[in-house]
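Q: This structure is in structure tokens; I'll ask about it shortly.
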Amino acid sequence: MNKQQSYYETMYILRPDIAEDEVSNHIDKYNELLKDFGGTILDSQMRGKRRLAYQIAKHREGIYVQLSHQGDGQHIFKIEKAMRLSEDVIRYMTVKQDGPLPTPRPSNKNKHSAESENKDDSKTNIESKEKEPTIESEVSTPKKNDSEIKEKAES
């Protein structure tokens with residue numbers, strides 16, 4: 001039987017009051033579970049603490065984690081069962097994607113630092129262009145006066 005690999009995206013929300021090292025432990029735990037159940041992790045990102053649209057279990061904020069993975073679909077039930085049994089996960093949702101996932105965009109932090117590096121590079125390029133000596137070509141063409149050119153054009 002030919003098992004077709006599909007693309008999935010799971011978004012889960014962790015309680016806002018857990019420590020950062022516990023958050024990374026949860027991310028690693030679910031990534032390992034996914035691998036153990038036969039899935040392939042494509043991308044795993046912590047999206048940070050955000051305000052919830054409505055209150056969930058007396059929490060107004062949550063730590064969002066996005067997990068993009070590929071598999072035959074049998075691993076979804078098992079990973080969601082592990083999330084359902086965890087007290088630290090307050091919501092989760094898995095969505096099946098139609099095709100391959102787009103490449104992830106760099107975060108704003110990386111984009112901001114890249115822009116500042118580009119600005120620094122452009123400044124050094126301008127400075128280096130100003131300091132470069134100009135090199136004249138070895139082949140010289142005879143220069144004609146503007147008056148000679150005008151006279152030839154008139155005739």
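Residues are named by chain letter and number: chains run A, B, ... in the order of the structure tokens, numbers start at 1 in each chain, and ligands are numbered from 1 in the order shown.
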Could you give me, as JSON, numbers by chain, the residues within 10 Å of region 9-14 of chain A, counting only C-alpha atoms and dropping anything in the same chain fewer than 3 positions from it?
A: {"A": [17, 18, 23, 26, 27, 41, 42, 43, 44, 45, 46, 47, 48, 49, 50, 52, 61, 62, 63, 64, 65, 66, 67, 68, 69, 70, 76, 79, 80, 83, 86, 87, 88, 89, 90, 91, 92, 93, 94, 95, 96, 97, 101]}
Q: Distance CA of Ser6 (chain A)-CA of Lys35 (chain A), one decimal place?
A: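 Between these atoms lies a distance of 14.8 Å.
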Q: Please, what distance in Å, to one decimal, runs between CA of Lys78 (chain A) and CA of Ala19 (chain A)?
A: 25.5 Å
Q: Apply DSSP to the structure's backbone, then extract all residues of region 31-111 of chain A labelled helix (DSSP H, G or I) and return them as a list in words.
A: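 Taking region 31-111 of chain A and keeping helix (DSSP H, G or I) gives Asn31, Glu32, Leu33, Leu34, Lys35, Asp36, Gln74, His75, Ile76, Phe77, Lys78, Ile79, Glu80, Lys81, Ala82, Met83, Arg84, Leu85, Asn108, Lys109, Asn110 and Lys111 of chain A.
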Q: Could you take the residues named above and write them with C-alpha atoms, as a CSV table (one decimal), in the first residue's frame?
A:
```csv
chain,number,residue,atom,x,y,z
A,31,ASN,CA,9.1,17.6,18.1
A,32,GLU,CA,10.5,14.2,19.4
A,33,LEU,CA,7.0,12.7,19.8
A,34,LEU,CA,6.2,13.7,16.2
A,35,LYS,CA,9.4,12.0,14.9
A,36,ASP,CA,8.7,8.9,17.0
A,74,GLN,CA,-1.6,8.7,11.4
A,75,HIS,CA,0.7,10.7,13.6
A,76,ILE,CA,-1.8,13.6,14.0
A,77,PHE,CA,-4.1,11.7,16.5
A,78,LYS,CA,-1.2,10.6,18.7
A,79,ILE,CA,0.4,14.1,18.9
A,80,GLU,CA,-2.9,15.7,19.6
A,81,LYS,CA,-3.7,13.2,22.3
A,82,ALA,CA,-0.4,14.1,24.0
A,83,MET,CA,-1.3,17.8,23.8
A,84,ARG,CA,-4.8,17.1,25.2
A,85,LEU,CA,-3.4,15.3,28.2
A,108,ASN,CA,11.4,40.9,12.2
A,109,LYS,CA,14.5,40.8,14.5
A,110,ASN,CA,16.6,39.3,11.8
A,111,LYS,CA,15.2,41.6,9.2
```
Q: Quote the spacing between CA of Asp72 (chain A) and CA of Gly39 (chain A) in Å to one decimal place.
A: 7.5 Å
